[in-house]
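Participant: Got a file for you: work-v4.txt, compact mmCIF, C-alpha atoms.
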```
# COMPACT_ATOMS: atom_id res chain seq x y z
CA MET W 386 84.29 27.10 220.79
CA ILE W 387 82.18 24.88 223.00
CA ALA W 388 79.52 24.66 220.30
CA CYS W 389 82.14 23.05 218.03
CA VAL W 390 84.22 21.08 220.53
CA TYR W 391 81.37 19.31 222.31
CA PRO W 392 79.96 17.68 219.15
CA LEU W 393 83.48 16.76 218.05
CA VAL W 394 84.29 15.01 221.32
CA THR W 395 80.92 13.26 221.36
CA MET W 396 81.39 12.05 217.78
CA LEU W 397 84.91 10.79 218.51
CA ILE W 398 83.65 8.89 221.56
CA TYR W 399 81.05 7.13 219.42
CA VAL W 400 83.66 6.39 216.73
CA ILE W 401 86.21 4.81 219.08
CA ALA W 402 83.68 3.06 221.37
CA PRO W 403 83.34 -0.14 219.29
CA PHE W 404 87.12 -0.51 219.06
CA THR W 405 87.84 0.19 222.73
CA GLN W 406 85.17 -1.88 224.41
CA GLY W 407 86.53 -3.30 227.63
CA TRP W 408 89.30 -0.71 227.87
CA GLN W 409 89.66 1.39 230.98
CA ILE W 410 88.48 4.98 230.70
CA TRP W 411 92.00 6.39 230.87
CA HIS W 412 93.01 4.25 227.88
CA GLN W 413 90.11 5.63 225.87
CA THR W 414 90.97 9.16 226.93
CA LEU W 415 94.60 8.60 225.97
CA LEU W 416 93.44 7.68 222.47
CA LEU W 417 90.82 10.42 222.23
CA THR W 418 92.89 13.37 223.45
CA PRO W 419 95.41 13.68 220.58
CA ALA W 420 92.66 13.48 217.95
CA THR W 421 90.66 16.12 219.80
CA VAL W 422 93.59 18.50 220.23
CA VAL W 423 94.71 18.20 216.60
CA SER W 424 91.14 18.82 215.42
CA ILE W 425 90.79 21.88 217.62
CA VAL W 426 94.15 23.38 216.66
CA PHE W 427 94.01 22.76 212.91
CA VAL W 428 90.27 22.77 212.12
CA ILE W 429 87.99 24.30 214.73
CA ASN W 430 90.12 27.22 215.90
CA PRO W 431 90.94 28.45 212.37
CA LEU W 432 87.26 28.23 211.43
CA VAL W 433 86.19 30.17 214.52
CA ILE W 434 88.80 32.84 213.79
CA LYS W 435 87.76 32.98 210.13
CA TYR W 436 84.07 33.46 210.85
CA PHE W 437 84.11 35.27 214.19
CA GLY W 438 87.54 36.93 214.22
CA ARG W 439 86.22 40.44 213.69
CA TYR W 440 83.94 40.07 216.71
CA ILE W 441 86.72 38.63 218.83
CA ASN W 442 89.19 41.39 217.86
CA ALA W 443 86.64 44.18 218.33
CA ALA W 444 86.83 43.91 222.11
```
Could I get this file's structure written as structure tokens?

Facilitator:
Amino acid sequence: MIACVYPLVTMLIYVIAPFTQGWQIWHQTLLLTPATVVSIVFVINPLVIKYFGRYINAA
């Protein structure tokens, strides 16, 4: 998961940075968090389960 989430968060930071210049960090985080969570729940997690589900369930 971390191999997918870290690049996602980094990319989103670079995307919102020009629009949130001068904002406090908690404002940026408030904007970033919903996009990150939605991406993890509906994109990253299903892809990880699709490709690695048999290895996860084997344990």

Participant: One decimal, in Å: what's the spacing between atom CA of W:Val428 and atom CA of W:Met396?

Facilitator: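 Distance between the two atoms: 15.0 Å.
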
Participant: What gap, in Å, lies between atom CA of W:Phe404 and atom CA of W:Cys389?

Facilitator: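 Atom-to-atom, atom CA of W:Phe404 to atom CA of W:Cys389, that is 24.1 Å.
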
Participant: Could you tell me how far atom CA of W:Leu432 sits from atom CA of W:Leu416, in Å to one decimal place?

Facilitator: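 Separating atom CA of W:Leu416 from atom CA of W:Leu432 is a distance of 24.1 Å.
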
Participant: Go through W:Ala443, W:Trp408, W:Ala388, W:Thr395 one by one, measure the shortest atom-to-atom distance of each to W:Asn430 using only C-alpha atoms, and give the residue with the smallest value.

Facilitator: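 The shortest atom-to-atom distance to W:Asn430 comes from W:Ala388.
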
Participant: Would you please work out which residue, of W:Ile425, W:Arg439, W:Gln413, W:Ile387, is nearest to W:Tyr399 when using all atoms listed in the file?

Facilitator: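 Among W:Ile425, W:Arg439, W:Gln413, W:Ile387, it is W:Gln413 that comes nearest to W:Tyr399.
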
Participant: Find the residue from W:Asn442, W:Ile434, W:Thr414, W:Ile429 that sits nearest to W:Ile398; use all atoms listed in the file when measuring.

Facilitator: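 Among the listed residues, the smallest separation from W:Ile398 belongs to W:Thr414.
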
Participant: Given all atoms listed in the file as the basis, pick out the residue of W:Val433, W:Met386, W:Ile441, W:Ala420 nearest to W:Ile401.

Facilitator: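 Selected residue with least distance to W:Ile401: W:Ala420.
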
Participant: Could you check the closest approach to W:Leu417 for each of W:Leu397, W:Pro431, W:Tyr440, W:Pro403 and tell me which residue wins, using all atoms listed in the file?

Facilitator: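 Between W:Leu397, W:Pro431, W:Tyr440, W:Pro403, the residue approaching W:Leu417 most closely is W:Leu397.
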
Participant: Will you model N, CA, C and O atoms for stretch 418-443 of chain W and pass it back as an mmCIF file, in the coordinates of the input?

Facilitator:
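As written to disk, part_17.cif reads:
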```cif
data_model
loop_
_atom_site.group_PDB
_atom_site.id
_atom_site.type_symbol
_atom_site.label_atom_id
_atom_site.label_comp_id
_atom_site.auth_asym_id
_atom_site.auth_seq_id
_atom_site.Cartn_x
_atom_site.Cartn_y
_atom_site.Cartn_z
ATOM 1 N N THR W 418 92.325 12.050 223.240
ATOM 2 C CA THR W 418 92.890 13.370 223.450
ATOM 3 C C THR W 418 93.717 13.898 222.269
ATOM 4 O O THR W 418 93.499 15.032 221.840
ATOM 5 N N PRO W 419 94.649 13.134 221.713
ATOM 6 C CA PRO W 419 95.410 13.680 220.580
ATOM 7 C C PRO W 419 94.533 14.023 219.373
ATOM 8 O O PRO W 419 94.730 15.064 218.740
ATOM 9 N N ALA W 420 93.559 13.188 219.069
ATOM 10 C CA ALA W 420 92.660 13.480 217.950
ATOM 11 C C ALA W 420 91.858 14.739 218.213
ATOM 12 O O ALA W 420 91.639 15.554 217.307
ATOM 13 N N THR W 421 91.431 14.924 219.440
ATOM 14 C CA THR W 421 90.660 16.120 219.800
ATOM 15 C C THR W 421 91.518 17.373 219.691
ATOM 16 O O THR W 421 91.105 18.370 219.111
ATOM 17 N N VAL W 422 92.706 17.331 220.242
ATOM 18 C CA VAL W 422 93.590 18.500 220.230
ATOM 19 C C VAL W 422 93.982 18.883 218.810
ATOM 20 O O VAL W 422 93.934 20.062 218.441
ATOM 21 N N VAL W 423 94.339 17.913 217.990
ATOM 22 C CA VAL W 423 94.710 18.200 216.600
ATOM 23 C C VAL W 423 93.525 18.805 215.858
ATOM 24 O O VAL W 423 93.688 19.763 215.096
ATOM 25 N N SER W 424 92.331 18.276 216.081
ATOM 26 C CA SER W 424 91.140 18.820 215.420
ATOM 27 C C SER W 424 90.858 20.248 215.859
ATOM 28 O O SER W 424 90.483 21.093 215.045
ATOM 29 N N ILE W 425 91.032 20.525 217.126
ATOM 30 C CA ILE W 425 90.790 21.880 217.620
ATOM 31 C C ILE W 425 91.820 22.855 217.048
ATOM 32 O O ILE W 425 91.465 23.930 216.562
ATOM 33 N N VAL W 426 93.080 22.475 217.082
ATOM 34 C CA VAL W 426 94.150 23.380 216.660
ATOM 35 C C VAL W 426 94.114 23.648 215.154
ATOM 36 O O VAL W 426 94.283 24.788 214.715
ATOM 37 N N PHE W 427 93.892 22.611 214.357
ATOM 38 C CA PHE W 427 94.010 22.760 212.910
ATOM 39 C C PHE W 427 92.694 22.920 212.165
ATOM 40 O O PHE W 427 92.699 23.278 210.990
ATOM 41 N N VAL W 428 91.561 22.656 212.810
ATOM 42 C CA VAL W 428 90.270 22.770 212.120
ATOM 43 C C VAL W 428 89.351 23.768 212.811
ATOM 44 O O VAL W 428 88.943 24.763 212.214
ATOM 45 N N ILE W 429 89.011 23.501 214.049
ATOM 46 C CA ILE W 429 87.990 24.300 214.730
ATOM 47 C C ILE W 429 88.464 25.728 214.996
ATOM 48 O O ILE W 429 87.761 26.692 214.677
ATOM 49 N N ASN W 430 89.632 25.886 215.582
ATOM 50 C CA ASN W 430 90.120 27.220 215.900
ATOM 51 C C ASN W 430 90.271 28.097 214.656
ATOM 52 O O ASN W 430 89.822 29.248 214.672
ATOM 53 N N PRO W 431 90.881 27.611 213.577
ATOM 54 C CA PRO W 431 90.940 28.450 212.370
ATOM 55 C C PRO W 431 89.559 28.832 211.824
ATOM 56 O O PRO W 431 89.362 29.955 211.346
ATOM 57 N N LEU W 432 88.601 27.907 211.900
ATOM 58 C CA LEU W 432 87.260 28.230 211.430
ATOM 59 C C LEU W 432 86.586 29.282 212.314
ATOM 60 O O LEU W 432 85.921 30.195 211.808
ATOM 61 N N VAL W 433 86.761 29.171 213.611
ATOM 62 C CA VAL W 433 86.190 30.170 214.520
ATOM 63 C C VAL W 433 86.820 31.533 214.261
ATOM 64 O O VAL W 433 86.115 32.551 214.193
ATOM 65 N N ILE W 434 88.124 31.574 214.071
ATOM 66 C CA ILE W 434 88.800 32.840 213.790
ATOM 67 C C ILE W 434 88.348 33.406 212.443
ATOM 68 O O ILE W 434 88.119 34.608 212.305
ATOM 69 N N LYS W 435 88.188 32.536 211.460
ATOM 70 C CA LYS W 435 87.760 32.980 210.130
ATOM 71 C C LYS W 435 86.373 33.621 210.177
ATOM 72 O O LYS W 435 86.146 34.674 209.587
ATOM 73 N N TYR W 436 85.448 32.988 210.856
ATOM 74 C CA TYR W 436 84.070 33.460 210.850
ATOM 75 C C TYR W 436 83.735 34.456 211.960
ATOM 76 O O TYR W 436 82.809 35.246 211.817
ATOM 77 N N PHE W 437 84.443 34.400 213.072
ATOM 78 C CA PHE W 437 84.110 35.270 214.190
ATOM 79 C C PHE W 437 85.276 36.151 214.626
ATOM 80 O O PHE W 437 85.198 36.809 215.660
ATOM 81 N N GLY W 438 86.354 36.184 213.866
ATOM 82 C CA GLY W 438 87.540 36.930 214.220
ATOM 83 C C GLY W 438 87.301 38.419 214.413
ATOM 84 O O GLY W 438 87.827 39.031 215.331
ATOM 85 N N ARG W 439 86.468 38.991 213.558
ATOM 86 C CA ARG W 439 86.220 40.440 213.690
ATOM 87 C C ARG W 439 85.487 40.768 214.974
ATOM 88 O O ARG W 439 85.659 41.827 215.547
ATOM 89 N N TYR W 440 84.640 39.848 215.449
ATOM 90 C CA TYR W 440 83.940 40.070 216.710
ATOM 91 C C TYR W 440 84.860 39.851 217.902
ATOM 92 O O TYR W 440 84.733 40.528 218.917
ATOM 93 N N ILE W 441 85.772 38.910 217.757
ATOM 94 C CA ILE W 441 86.720 38.630 218.830
ATOM 95 C C ILE W 441 87.708 39.794 218.959
ATOM 96 O O ILE W 441 88.050 40.227 220.064
ATOM 97 N N ASN W 442 88.204 40.317 217.842
ATOM 98 C CA ASN W 442 89.190 41.390 217.860
ATOM 99 C C ASN W 442 88.593 42.749 218.179
ATOM 100 O O ASN W 442 89.318 43.669 218.500
ATOM 101 N N ALA W 443 87.279 42.891 218.070
ATOM 102 C CA ALA W 443 86.640 44.180 218.330
ATOM 103 C C ALA W 443 86.679 44.574 219.805
ATOM 104 O O ALA W 443 86.554 45.741 220.130
#
```
